[in-house]
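*Asks:* Have a peek at input33.cif (mmCIF, C-alpha atoms).
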data_my_file
loop_
_atom_site.label_atom_id
_atom_site.label_comp_id
_atom_site.auth_asym_id
_atom_site.auth_seq_id
_atom_site.Cartn_x
_atom_site.Cartn_y
_atom_site.Cartn_z
CA MET A 253 39.16 -37.30 -17.45
CA LYS A 254 36.54 -38.06 -14.81
CA PHE A 255 35.64 -35.33 -12.33
CA LYS A 256 36.87 -37.30 -9.32
CA GLN A 257 40.22 -38.00 -10.96
CA ALA A 258 40.67 -34.35 -11.97
CA LEU A 259 39.78 -33.24 -8.45
CA LEU A 260 42.31 -35.55 -6.81
CA HIS A 261 45.14 -34.64 -9.18
CA ASN A 262 44.47 -30.90 -9.11
CA THR A 263 44.47 -30.76 -5.30
CA SER A 264 47.27 -33.24 -4.57
CA TRP A 265 49.84 -31.93 -7.06
CA LYS A 266 49.11 -28.30 -6.25
CA MET A 267 49.40 -28.95 -2.53
CA LEU A 268 52.82 -30.49 -3.26
CA ALA A 269 53.76 -27.40 -5.28
CA LEU A 270 52.57 -25.16 -2.44
CA LEU A 271 54.80 -27.07 -0.02
CA PHE A 272 57.85 -26.39 -2.17
CA THR A 273 56.71 -22.78 -2.70
CA PHE A 274 56.71 -22.36 1.08
CA LEU A 275 60.23 -23.83 1.19
CA ASN A 276 61.27 -21.42 -1.58
CA ASN A 277 60.03 -18.47 0.47
CA ILE A 278 62.14 -19.61 3.42
CA LEU A 279 65.21 -19.98 1.16
CA ILE A 280 64.69 -16.50 -0.30
CA VAL A 281 64.60 -15.01 3.21
CA LYS A 282 67.77 -16.96 4.10
CA ILE A 283 69.54 -15.79 0.93
CA LEU A 284 68.53 -12.14 1.05
CA GLY A 285 68.11 -11.44 4.75
CA VAL A 286 65.20 -9.70 6.45
CA GLU A 287 65.35 -6.24 4.86
CA ALA A 288 66.18 -7.31 1.30
CA SER A 289 63.58 -10.09 1.40
CA ALA A 290 60.96 -7.54 2.48
CA VAL A 291 61.86 -5.43 -0.57
CA PHE A 292 61.72 -8.49 -2.80
CA PHE A 293 58.33 -9.79 -1.61
CA TYR A 294 56.80 -6.32 -1.68
CA ALA A 295 57.99 -5.91 -5.26
CA ILE A 296 56.64 -9.35 -6.20
CA ALA A 297 53.26 -8.35 -4.79
CA ILE A 298 53.29 -5.30 -7.07
CA PHE A 299 54.33 -7.37 -10.08
CA ILE A 300 51.55 -9.91 -9.45
CA LEU A 301 49.06 -7.06 -9.09
CA PHE A 302 50.16 -5.81 -12.53
CA SER A 303 49.65 -9.30 -13.94
CA THR A 304 46.21 -9.64 -12.37
CA ILE A 305 45.03 -6.33 -13.77
CA LEU A 306 46.53 -6.74 -17.24
CA LYS A 307 45.21 -10.26 -17.82
CA PHE A 308 41.75 -8.69 -17.58
CA GLY A 309 40.02 -11.91 -16.50
CA LEU A 310 40.68 -13.47 -19.90
CA GLU A 311 41.78 -16.85 -18.51
CA ASN A 312 38.25 -17.82 -17.45
CA GLY A 313 36.88 -16.32 -20.65
CA ILE A 314 39.19 -18.60 -22.62
CA VAL A 315 37.98 -21.66 -20.71
CA TYR A 316 34.31 -20.73 -21.18
CA VAL A 317 34.48 -19.85 -24.89
CA LEU A 318 36.67 -22.80 -25.93
CA SER A 319 34.68 -25.29 -23.86
CA LYS A 320 31.57 -24.17 -25.74
CA ASN A 321 33.32 -24.37 -29.12
CA SER A 322 36.61 -26.27 -29.31
CA GLN A 323 36.81 -25.44 -33.03
CA SER A 324 37.79 -21.90 -32.04
CA ILE A 325 41.14 -22.90 -30.48
CA LYS A 326 43.17 -21.84 -33.50
CA SER A 327 41.30 -18.55 -33.89
CA VAL A 328 41.47 -17.69 -30.18
CA SER A 329 45.18 -18.54 -30.14
CA TYR A 330 45.96 -16.12 -32.98
CA PHE A 331 43.96 -13.40 -31.28
CA LEU A 332 45.60 -14.01 -27.89
CA LEU A 333 49.05 -13.85 -29.46
CA LEU A 334 48.34 -10.39 -30.85
CA PHE A 335 46.66 -9.30 -27.63
CA PHE A 336 49.62 -10.58 -25.60
CA VAL A 337 52.03 -8.51 -27.70
CA ALA A 338 49.93 -5.43 -26.87
CA GLN A 339 49.90 -6.40 -23.18
CA THR A 340 53.69 -6.78 -23.21
CA PHE A 341 54.09 -3.29 -24.69
CA ILE A 342 51.69 -1.77 -22.11
CA THR A 343 53.51 -3.60 -19.30
CA ALA A 344 56.88 -2.31 -20.51
CA VAL A 345 55.59 1.27 -20.55
CA ILE A 346 54.08 0.99 -17.05
CA LEU A 347 57.15 -0.63 -15.54
CA LYS A 348 59.42 1.94 -17.13
CA TYR A 349 57.74 4.60 -14.99
CA PHE A 350 57.62 2.56 -11.77
CA ILE A 351 60.85 0.58 -11.93
CA LYS A 352 62.91 3.45 -10.45
CA GLU A 353 60.93 3.07 -7.22
CA ILE A 354 61.99 -0.58 -6.86
CA GLN A 355 65.68 -0.87 -6.09
CA GLY A 356 67.85 -3.83 -7.05
CA PHE A 357 65.89 -5.13 -10.03
CA THR A 358 66.81 -5.28 -13.71
CA PHE A 359 64.04 -3.85 -15.87
CA TYR A 360 64.07 -6.65 -18.45
CA TRP A 361 63.76 -9.43 -15.87
CA VAL A 362 60.89 -7.61 -14.20
CA LEU A 363 59.21 -7.43 -17.61
CA VAL A 364 59.81 -11.16 -18.19
CA TYR A 365 58.38 -11.97 -14.77
CA VAL A 366 55.18 -9.94 -15.25
CA VAL A 367 54.39 -10.98 -18.83
CA SER A 368 55.29 -14.61 -18.09
CA ASN A 369 52.72 -14.64 -15.29
CA ILE A 370 50.12 -13.25 -17.70
CA MET A 371 50.93 -15.86 -20.35
CA LEU A 372 50.91 -18.64 -17.74
CA TYR A 373 47.27 -17.83 -16.91
CA TYR A 374 46.36 -18.19 -20.58
CA VAL A 375 48.26 -21.45 -21.07
CA ASN A 376 46.71 -22.96 -17.94
CA ALA A 377 43.28 -22.08 -19.35
CA TYR A 378 43.95 -24.24 -22.43
CA TYR A 379 44.78 -27.19 -20.19
CA GLN A 380 41.55 -26.67 -18.25
CA VAL A 381 39.57 -26.69 -21.50
CA LYS A 382 41.02 -30.09 -22.39
CA LYS A 383 40.78 -31.33 -18.76
CA MET A 384 44.53 -32.05 -18.84
CA PHE A 385 44.93 -31.62 -15.08
CA ILE A 386 47.54 -34.34 -14.59
CA SER A 387 50.07 -33.02 -17.10
CA LEU A 388 49.42 -29.40 -16.10
CA ASN A 389 50.00 -29.97 -12.40
CA VAL A 390 52.89 -32.41 -12.79
CA LEU A 391 54.80 -29.96 -15.00
CA SER A 392 54.01 -27.09 -12.64
CA ALA A 393 55.21 -29.08 -9.61
CA VAL A 394 58.41 -30.05 -11.39
CA ILE A 395 59.16 -26.40 -12.17
CA VAL A 396 58.67 -25.39 -8.53
CA ILE A 397 61.04 -28.20 -7.47
CA ILE A 398 63.62 -26.98 -10.02
CA GLN A 399 63.25 -23.49 -8.56
CA THR A 400 63.89 -24.93 -5.09
CA PHE A 401 67.03 -26.69 -6.33
CA LEU A 402 68.37 -23.47 -7.89
CA LEU A 403 67.73 -21.45 -4.73
CA MET A 404 69.39 -24.12 -2.60
CA THR A 405 72.39 -24.06 -4.96
CA ILE A 406 72.77 -20.31 -4.49
CA TYR A 407 72.42 -20.64 -0.73
CA PHE A 408 74.81 -23.54 -0.13
CA CYS A 409 77.45 -23.27 -2.86
CA ASP A 410 80.67 -21.28 -2.79
CA LYS A 411 79.86 -17.58 -3.04
CA SER A 412 82.91 -16.84 -5.21
CA PHE A 413 81.49 -18.96 -8.02
CA PHE A 414 78.36 -16.81 -8.21
CA ILE A 415 80.32 -13.57 -7.97
CA THR A 416 81.94 -14.48 -11.30
CA LEU A 417 78.44 -14.80 -12.75
CA GLY A 418 77.37 -11.48 -11.29
CA ILE A 419 75.17 -13.19 -8.71
CA THR A 420 75.68 -12.80 -4.97
CA LYS A 421 73.64 -13.68 -1.90
CA SER A 422 72.86 -10.00 -1.40
CA ASN A 423 71.59 -9.49 -4.94
CA ILE A 424 67.79 -9.70 -4.99
CA ASP A 425 67.95 -9.51 -8.77
CA ALA A 426 69.42 -13.03 -8.81
CA VAL A 427 66.33 -14.41 -7.05
CA LEU A 428 64.07 -12.62 -9.53
CA ILE A 429 66.04 -14.11 -12.43
CA ILE A 430 65.43 -17.60 -11.03
CA SER A 431 61.73 -16.89 -10.50
CA ALA A 432 61.18 -15.35 -13.93
CA GLY A 433 63.37 -17.88 -15.71
CA THR A 434 61.61 -20.92 -14.26
CA ILE A 435 58.16 -19.49 -15.06
CA PHE A 436 59.28 -18.86 -18.64
CA LEU A 437 60.60 -22.43 -18.85
CA GLN A 438 57.28 -23.70 -17.51
CA ILE A 439 55.38 -21.85 -20.23
CA ILE A 440 57.60 -23.27 -22.99
CA LEU A 441 57.17 -26.84 -21.73
CA LEU A 442 53.40 -26.45 -21.30
CA ILE A 443 52.96 -25.01 -24.81
CA LEU A 444 55.07 -27.72 -26.43
CA PHE A 445 53.29 -30.53 -24.58
CA PHE A 446 49.84 -29.09 -25.29
CA TYR A 447 50.57 -28.67 -28.99
CA THR A 448 51.97 -32.21 -29.23
CA LYS A 449 48.78 -33.65 -27.73
CA ASN A 450 46.33 -31.39 -29.60
CA LYS A 451 47.84 -30.80 -33.06
CA ASN A 452 44.56 -31.43 -34.85
CA ASP A 453 42.88 -28.51 -33.08
CA PHE A 454 45.30 -26.15 -34.82
CA LYS A 455 44.60 -27.55 -38.30
CA VAL A 456 40.98 -26.42 -38.49
CA PRO A 457 40.04 -23.39 -40.66
CA TYR A 458 39.92 -19.96 -39.10
CA CYS A 459 36.65 -19.56 -37.20
CA LYS A 460 34.47 -16.63 -38.30
CA ASP A 461 32.30 -16.89 -35.20
CA SER A 462 32.19 -13.75 -33.04
CA PHE A 463 34.36 -15.31 -30.34
CA ILE A 464 36.04 -12.01 -29.50
CA LYS A 465 32.76 -10.48 -28.34
CA LYS A 466 31.94 -13.59 -26.31
CA LEU A 467 35.44 -13.70 -24.86
CA PHE A 468 35.44 -10.12 -23.65
CA SER A 469 31.81 -10.03 -22.51
CA TYR A 470 32.57 -12.96 -20.21
CA SER A 471 36.05 -11.75 -19.20
CA ILE A 472 34.93 -8.25 -18.20
CA LEU A 473 32.48 -9.67 -15.66
CA ASN A 474 35.14 -12.08 -14.41
CA PHE A 475 37.57 -9.19 -14.00
CA ILE A 476 34.99 -7.31 -11.89
CA ILE A 477 34.54 -10.42 -9.74
CA THR A 478 38.33 -10.66 -9.23
CA VAL A 479 38.52 -7.03 -8.09
CA LEU A 480 35.54 -7.43 -5.75
CA PHE A 481 37.01 -10.61 -4.26
CA PHE A 482 40.25 -8.72 -3.59
CA LEU A 483 38.25 -6.02 -1.77
CA VAL A 484 36.23 -8.57 0.22
CA LEU A 485 39.46 -9.99 1.64
CA ARG A 486 41.15 -6.69 2.43
CA THR A 487 38.67 -3.85 3.02
CA ASP A 488 38.34 -4.55 6.74
CA LEU A 489 42.12 -4.09 7.16
CA TYR A 490 41.71 -0.39 6.32
CA PHE A 491 39.33 0.17 9.25
CA VAL A 492 41.38 -1.93 11.67
CA GLU A 493 44.53 -0.02 10.72
CA LYS A 494 42.73 3.30 11.21
CA TYR A 495 40.99 2.67 14.51
CA CYS A 496 43.00 -0.05 16.29
CA SER A 497 46.44 -0.21 17.89
CA LYS A 498 49.48 -1.57 16.05
CA VAL A 499 49.32 -4.73 18.17
CA GLY A 500 45.65 -5.22 17.30
CA LEU A 501 46.39 -4.64 13.62
CA ALA A 502 49.29 -7.11 13.64
CA ASN A 503 47.12 -9.77 15.29
CA TYR A 504 44.26 -9.10 12.88
CA ILE A 505 46.53 -9.35 9.82
CA GLN A 506 48.00 -12.66 10.94
CA ALA A 507 44.55 -14.08 11.70
CA ALA A 508 43.40 -12.94 8.25
CA LYS A 509 46.42 -14.64 6.64
CA ILE A 510 45.57 -17.94 8.30
CA GLY A 511 41.97 -17.55 7.16
CA GLN A 512 43.18 -16.97 3.60
CA MET A 513 45.31 -20.10 3.84
CA LEU A 514 42.13 -22.05 4.57
CA LEU A 515 40.70 -20.69 1.31
CA ILE A 516 43.44 -22.37 -0.73
CA PHE A 517 41.89 -25.84 -0.59
CA PRO A 518 38.34 -24.82 -1.65
CA GLY A 519 39.98 -22.62 -4.30
CA LEU A 520 41.71 -25.68 -5.78
CA ILE A 521 38.41 -27.57 -5.81
CA ALA A 522 36.68 -24.61 -7.45
CA GLY A 523 39.29 -24.66 -10.21
CA VAL A 524 38.03 -28.11 -11.23
CA ILE A 525 34.30 -27.42 -10.79
CA PHE A 526 34.38 -24.49 -13.23
CA PRO A 527 35.48 -26.22 -16.48
CA TYR A 528 33.35 -29.32 -15.80
CA THR A 529 30.22 -27.24 -15.16
CA ILE A 530 30.32 -25.40 -18.50
CA ASN A 531 28.89 -28.27 -20.57
CA ASP A 532 27.32 -30.45 -17.86
CA SER A 533 25.85 -28.24 -15.14
CA LYS A 534 23.11 -30.69 -14.11
CA ALA A 535 25.59 -33.44 -13.28
CA LEU A 536 27.88 -31.03 -11.43
CA ALA A 537 25.14 -29.55 -9.21
CA GLY A 538 24.96 -32.71 -7.10
CA LYS A 539 28.73 -32.89 -6.86
CA VAL A 540 28.90 -29.26 -5.69
CA ALA A 541 26.38 -30.08 -2.95
CA TYR A 542 28.48 -33.10 -1.98
CA LEU A 543 31.66 -31.01 -1.82
CA CYS A 544 29.91 -28.39 0.31
CA ARG A 545 28.90 -31.12 2.76
CA GLY A 546 32.43 -32.51 2.83
CA LEU A 547 33.93 -29.06 3.33
CA THR A 548 31.49 -28.37 6.17
CA PHE A 549 32.58 -31.56 7.93
CA LEU A 550 36.27 -30.67 7.41
CA TYR A 551 35.80 -27.18 8.82
CA LEU A 552 34.04 -28.56 11.89
CA ILE A 553 37.13 -30.66 12.56
CA ILE A 554 39.45 -27.69 12.00
CA PHE A 555 37.40 -25.46 14.32
CA THR A 556 37.34 -28.14 17.03
CA VAL A 557 41.13 -28.49 16.89
CA PHE A 558 41.49 -24.71 16.88
CA LEU A 559 39.34 -24.33 20.02
CA GLY A 560 41.51 -26.83 21.83
CA PHE A 561 44.98 -25.66 20.79
CA GLY A 562 44.73 -22.26 19.04
CA LYS A 563 45.11 -20.24 22.23
CA PHE A 564 48.55 -21.76 22.81
CA VAL A 565 49.77 -22.39 19.24
CA PHE A 566 49.53 -18.83 17.89
CA PRO A 567 51.67 -17.20 20.63
CA TRP A 568 54.10 -20.14 20.43
CA MET A 569 54.57 -19.74 16.67
CA LEU A 570 54.62 -15.93 16.42
CA GLY A 571 55.36 -14.64 19.91
CA LYS A 572 53.53 -13.61 23.06
CA ASP A 573 52.23 -10.41 21.45
CA PHE A 574 49.98 -12.50 19.18
CA ILE A 575 47.71 -13.80 21.94
CA LEU A 576 44.82 -11.75 20.48
CA MET A 577 44.77 -13.93 17.36
CA TYR A 578 42.77 -16.64 19.12
CA GLU A 579 39.80 -14.37 19.74
CA ILE A 580 39.96 -12.73 16.30
CA PHE A 581 40.18 -16.01 14.42
CA ALA A 582 37.39 -17.60 16.48
CA ILE A 583 35.02 -14.73 15.66
CA SER A 584 35.97 -14.51 11.98
CA PHE A 585 35.93 -18.29 11.40
CA VAL A 586 32.27 -18.26 10.32
CA GLY A 587 33.18 -15.72 7.64
CA VAL A 588 36.08 -17.87 6.41
CA TYR A 589 33.80 -20.90 6.24
CA CYS A 590 31.06 -18.98 4.39
CA LEU A 591 33.59 -17.63 1.90
CA SER A 592 34.98 -21.15 1.35
CA ILE A 593 31.52 -22.53 0.54
CA SER A 594 30.89 -19.47 -1.63
CA LEU A 595 33.98 -20.29 -3.74
CA LEU A 596 32.49 -23.67 -4.69
CA ILE A 597 29.12 -22.20 -5.65
CA ILE A 598 30.80 -19.30 -7.45
CA SER A 599 32.76 -21.71 -9.64
CA TYR A 600 29.44 -23.40 -10.54
CA PHE A 601 27.82 -20.08 -11.49
CA GLU A 602 30.88 -19.11 -13.53
CA GLY A 603 30.47 -22.33 -15.48
CA THR A 604 26.80 -21.55 -16.17
CA ASN A 605 27.62 -17.91 -17.07
CA LYS A 606 25.69 -16.52 -14.10
CA GLN A 607 28.40 -14.09 -13.09
CA LYS A 608 26.02 -11.25 -12.26
CA ILE A 609 24.72 -13.08 -9.18
CA ILE A 610 28.35 -13.43 -8.01
CA ILE A 611 28.84 -9.69 -8.42
CA TRP A 612 25.68 -8.96 -6.42
CA SER A 613 26.83 -11.34 -3.70
CA PHE A 614 30.25 -9.67 -3.35
CA LEU A 615 28.67 -6.19 -3.49
CA SER A 616 26.39 -7.13 -0.59
CA VAL A 617 29.41 -8.33 1.41
CA LEU A 618 31.30 -5.10 0.73
CA PHE A 619 28.26 -2.97 1.59
CA VAL A 620 27.91 -4.66 5.00
CA VAL A 621 31.65 -4.48 5.69
CA VAL A 622 32.05 -0.81 4.79
CA ILE A 623 28.92 0.47 6.55
CA ALA A 624 29.23 -1.71 9.67
CA ASP A 625 33.00 -1.21 10.03
CA TYR A 626 32.60 2.55 9.75
CA PHE A 627 30.21 2.66 12.72
CA LEU A 628 31.33 -0.29 14.84
CA VAL A 629 35.12 -0.69 14.56
CA PRO A 630 35.83 2.66 16.31
CA LYS A 631 33.83 1.33 19.28
CA TYR A 632 34.49 -2.42 19.30
CA GLY A 633 37.88 -2.54 17.59
CA TYR A 634 39.28 -5.72 16.02
CA THR A 635 36.58 -7.95 17.53
CA GLY A 636 33.92 -5.81 15.84
CA ALA A 637 35.75 -6.09 12.50
CA ALA A 638 36.01 -9.88 12.85
CA ALA A 639 32.30 -10.21 13.67
CA ILE A 640 31.34 -7.98 10.75
CA PHE A 641 33.51 -10.05 8.41
CA SER A 642 31.57 -13.17 9.41
CA ILE A 643 28.14 -11.52 9.16
CA ALA A 644 28.96 -9.94 5.78
CA ASN A 645 30.13 -13.19 4.21
CA LEU A 646 27.14 -15.02 5.65
CA SER A 647 24.89 -12.54 3.82
CA GLY A 648 26.83 -13.07 0.59
CA LEU A 649 26.57 -16.85 0.91
CA ALA A 650 22.81 -16.57 1.53
CA ILE A 651 22.36 -14.84 -1.83
CA LEU A 652 24.36 -17.52 -3.64
CA LEU A 653 22.58 -20.39 -1.86
CA ASN A 654 19.15 -18.99 -2.62
CA THR A 655 19.93 -18.73 -6.34
CA PHE A 656 21.62 -22.15 -6.38
CA LYS A 657 18.53 -23.70 -4.78
CA LYS A 658 16.20 -22.13 -7.36
CA GLU A 659 18.30 -23.28 -10.30
CA THR A 660 19.12 -26.81 -9.12
CA GLU A 661 16.21 -27.59 -6.74
CA ILE A 662 18.77 -28.79 -4.18
CA ASN A 663 17.65 -28.09 -0.59
CA PHE A 664 19.81 -26.30 1.95
CA THR A 665 20.02 -29.45 4.08
CA ASP A 666 21.53 -31.29 1.10
CA MET A 667 24.31 -28.71 1.05
CA PHE A 668 25.47 -29.16 4.62
CA ILE A 669 24.37 -32.49 6.19
CA VAL A 670 26.58 -35.48 5.36
CA LYS A 671 24.83 -38.53 3.85
CA GLN A 672 25.78 -42.19 3.76
CA THR A 673 25.85 -42.14 -0.05
CA ASP A 674 28.40 -39.36 -0.20
CA PHE A 675 31.37 -41.69 -0.55
CA ASN A 676 30.12 -43.04 -3.88
CA LEU A 677 28.78 -39.82 -5.40
CA LEU A 678 31.95 -38.81 -7.26
CA ASN A 679 32.46 -42.19 -8.97
#
What is this structure when it is put down as structure tokens?

*Replies:*
Amino acid sequence: MKFKQALLHNTSWKMLALLFTFLNNILIVKILGVEASAVFFYAIAIFILFSTILKFGLENGIVYVLSKNSQSIKSVSYFLLLFFVAQTFITAVILKYFIKEIQGFTFYWVLVYVVSNIMLYYVNAYYQVKKMFISLNVLSAVIVIIQTFLLMTIYFCDKSFFITLGITKSNIDAVLIISAGTIFLQIILLILFFYTKNKNDFKVPYCKDSFIKKLFSYSILNFIITVLFFLVLRTDLYFVEKYCSKVGLANYIQAAKIGQMLLIFPGLIAGVIFPYTINDSKALAGKVAYLCRGLTFLYLIIFTVFLGFGKFVFPWMLGKDFILMYEIFAISFVGVYCLSISLLIISYFEGTNKQKIIIWSFLSVLFVVVIADYFLVPKYGYTGAAAIFSIANLSGLAILLNTFKKETEINFTDMFIVKQTDFNLLN
């Protein structure tokens, strides 16, 4: 599949899935109510954190190793199956100790939810290796739509029918069953479809190449990057919570959430850049520069609209107490933009196995955030934290850009100034 085609399908279908995911969140709140939905979403956050830690960054390692040697698919699959069994056992042990702290959930469905999320990362990696973005995203979107249908059925149908099944509108376990069950169904369909289309890859002899060492050496660095990225997005919240008022913290959190929403689109693009860069980095360098220029133009439009309407929209959507969001978001917007551009360059470096430069970039961001927030947030509050966020991410982007320029000989102006030839570059 051509890069342009993969890019369009990956972004369009996933944006559709995100739309239905947003609708699902609304339905869950309607079904459970405010307090129960808070318990549910907090628990889901914990479960996803388990999944993120236990997958150990292997999904990108799978893509990198198999893209370099497709003959290893059978061997890697056998290894992953054994490794997944071990992960399931570890997950069961961990959840057995923590499950008592999470009321309203059945242990076995929690286990299915967590391990299914881990397996889904691995299965998605196989599709990325084969550039099967259309089938991957269509199946994923269909599953989310099925989930929406099931939630709507619970919400609108006669409650007595679900009582006979042991499911009621007040039972948060029912929502978890739907979530876990649809993810499990998605995995089954993806595996069956992938095997049908790639049977020959599983007929090759067992590979004696040291793929395990390559897989883990790559995955460990990717895991470190994942942890650092998590800290880059959330470390400043600790200082704001400690030194600012509850109103300031609430405004800062909501502004940060909107900023993270803006990261979704470049994240989808980065998901396509990575597998295509692994075996053709020279061709992808120009496309990365093009995408950076396009993203810069898009963010200029977003910021212009925000300046005109943000001061009125935020209080209208969330309430009059959120009037501080306008100032916070305006100051932190540079940081959001820099982090968005960084995601594109990071995906390129991951494809060329230059993960150490990504680690150094994130470490520099964290160093600036921690040191500057410690001294400045007590004095300047949430505005100081927002400014530091922008400065820190600008420093991280500078490190990535400097290395990208040295490796590709692409000038900084080529990264940010739109050209007339840009419309034909991805053909």

*Asks:* Please, which residues in stretch 517-557 of chain A fall within 8 Å of stretch 659-667 of chain A when counting only C-alpha atoms, and what is the closest atom pair and distance in Å to one decimal for each, ordered by chain then residue number, as a Markdown table?

*Replies:*
| residue | atom | partner | partner_atom | distance |
| --- | --- | --- | --- | --- |
| A:Lys534 | CA | A:Thr660 | CA | 7.5 |
| A:Ala537 | CA | A:Thr660 | CA | 6.6 |
| A:Gly538 | CA | A:Ile662 | CA | 7.9 |
| A:Ala541 | CA | A:Met667 | CA | 4.7 |
| A:Tyr542 | CA | A:Met667 | CA | 6.8 |
| A:Cys544 | CA | A:Met667 | CA | 5.7 |
| A:Arg545 | CA | A:Met667 | CA | 5.5 |

*Asks:* Which residues, written as a compact mmCIF listing (two decimals) with C-alpha atoms, in the coordinates of the input, have at least one atom at most 6 Å from stretch 625-633 of chain A, with only C-alpha atoms counted and residues fewer than 3 positions away on the same chain left out?

*Replies:*
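Dumped everything to selection19.txt:
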# COMPACT_ATOMS: atom_id res chain seq x y z
CA TYR A 495 40.99 2.67 14.51
CA CYS A 496 43.00 -0.05 16.29
CA VAL A 621 31.65 -4.48 5.69
CA VAL A 622 32.05 -0.81 4.79
CA GLY A 636 33.92 -5.81 15.84
CA ALA A 637 35.75 -6.09 12.50

*Asks:* Taking the file above as input, evaluate the PyMOL selection byres ((chain A and resi 437) around 12) and report the hits as a ChimeraX atom specification.

*Replies:* /A:364-365,368-369,371-372,391-392,394-396,398-399,429-436,438-444

*Asks:* Excluding same-chain residues fewer than 3 positions from A:Lys382, what lies within 12 Å of it counting only C-alpha atoms, as a VMD selection string?

*Replies:* chain A and resid 253 to 254 258 314 to 316 318 to 322 325 375 to 379 385 to 388 446 to 447 449 to 450 453 524 527 to 528

*Asks:* Of the candidates A:Phe526, A:Tyr407, A:Tyr504, A:Phe581, which one gets nearest to A:Phe601 if we count all atoms listed in the file?

*Replies:*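 Using all atoms listed in the file, the shortest distance to A:Phe601 belongs to A:Phe526.
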
*Asks:* Hey, which of A:Val670, A:Ile575, A:Ala269, A:Leu652 ends up closest to A:Leu547? Count all atoms listed in the file.

*Replies:*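 Once distances to A:Leu547 are computed over all atoms listed in the file, the minimum belongs to A:Val670.
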
*Asks:* Name every residue that the PyMOL selection byres ((chain A and resi 650) around 12) selects in this structure, writing the answer as a PyMOL selection string with chains first and numbers rising.

*Replies:* chain A and resi 590-591+593-594+597+609-610+612-614+616-617+643-649+651-657+664

*Asks:* Between atom CA of A:Asp425 and atom CA of A:Phe401, what is the distance, to one decimal in Å?

*Replies:*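 Answer for the atom CA of A:Asp425 to atom CA of A:Phe401 separation: 17.4 Å.
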
*Asks:* Do you know which residues are at most 8 Å from stretch 334-342 of chain A counting all atoms listed in the file, after dropping those on the same chain fewer than 3 positions away, and could you put them as number ranges by chain?

*Replies:* A: 306, 330-331, 345-346, 363, 367, 371

*Asks:* Kindly indicate which residue among A:Lys498, A:Lys563, A:Lys307, A:Lys455 lies nearest to A:Ser324, using all atoms listed in the file for the distances.

*Replies:*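 Closest to A:Ser324 of all the choices is A:Lys455.
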
*Asks:* Just give me the gap between atom CA of A:Leu485 and atom CA of A:Thr343 in Å, one decimal is fine.

*Replies:*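 It comes out at 26.0 Å.
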
*Asks:* Can you complete the atoms of stretch 299-310 of chain A to N, CA and C atoms and list them as a compact mmCIF listing (two decimals), in the coordinates of the input?

*Replies:*
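Written file, result.txt:
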# COMPACT_ATOMS: atom_id res chain seq x y z
N PHE A 299 54.26 -6.75 -8.77
CA PHE A 299 54.33 -7.37 -10.08
C PHE A 299 53.11 -8.27 -10.34
N ILE A 300 52.70 -9.03 -9.31
CA ILE A 300 51.55 -9.91 -9.45
C ILE A 300 50.27 -9.09 -9.62
N LEU A 301 50.21 -7.95 -8.92
CA LEU A 301 49.06 -7.06 -9.09
C LEU A 301 48.99 -6.56 -10.53
N PHE A 302 50.13 -6.19 -11.11
CA PHE A 302 50.16 -5.81 -12.53
C PHE A 302 49.60 -6.93 -13.40
N SER A 303 50.08 -8.15 -13.14
CA SER A 303 49.65 -9.30 -13.94
C SER A 303 48.15 -9.52 -13.82
N THR A 304 47.64 -9.42 -12.61
CA THR A 304 46.21 -9.64 -12.37
C THR A 304 45.35 -8.63 -13.12
N ILE A 305 45.79 -7.37 -13.09
CA ILE A 305 45.03 -6.33 -13.77
C ILE A 305 45.11 -6.49 -15.29
N LEU A 306 46.32 -6.72 -15.80
CA LEU A 306 46.53 -6.74 -17.24
C LEU A 306 45.97 -7.98 -17.92
N LYS A 307 45.80 -9.08 -17.18
CA LYS A 307 45.21 -10.26 -17.82
C LYS A 307 43.71 -10.09 -18.02
N PHE A 308 43.10 -9.15 -17.31
CA PHE A 308 41.75 -8.69 -17.58
C PHE A 308 40.69 -9.79 -17.47
N GLY A 309 40.98 -10.83 -16.67
CA GLY A 309 40.02 -11.91 -16.50
C GLY A 309 39.87 -12.81 -17.70
N LEU A 310 40.81 -12.72 -18.65
CA LEU A 310 40.68 -13.47 -19.90
C LEU A 310 40.84 -14.98 -19.71
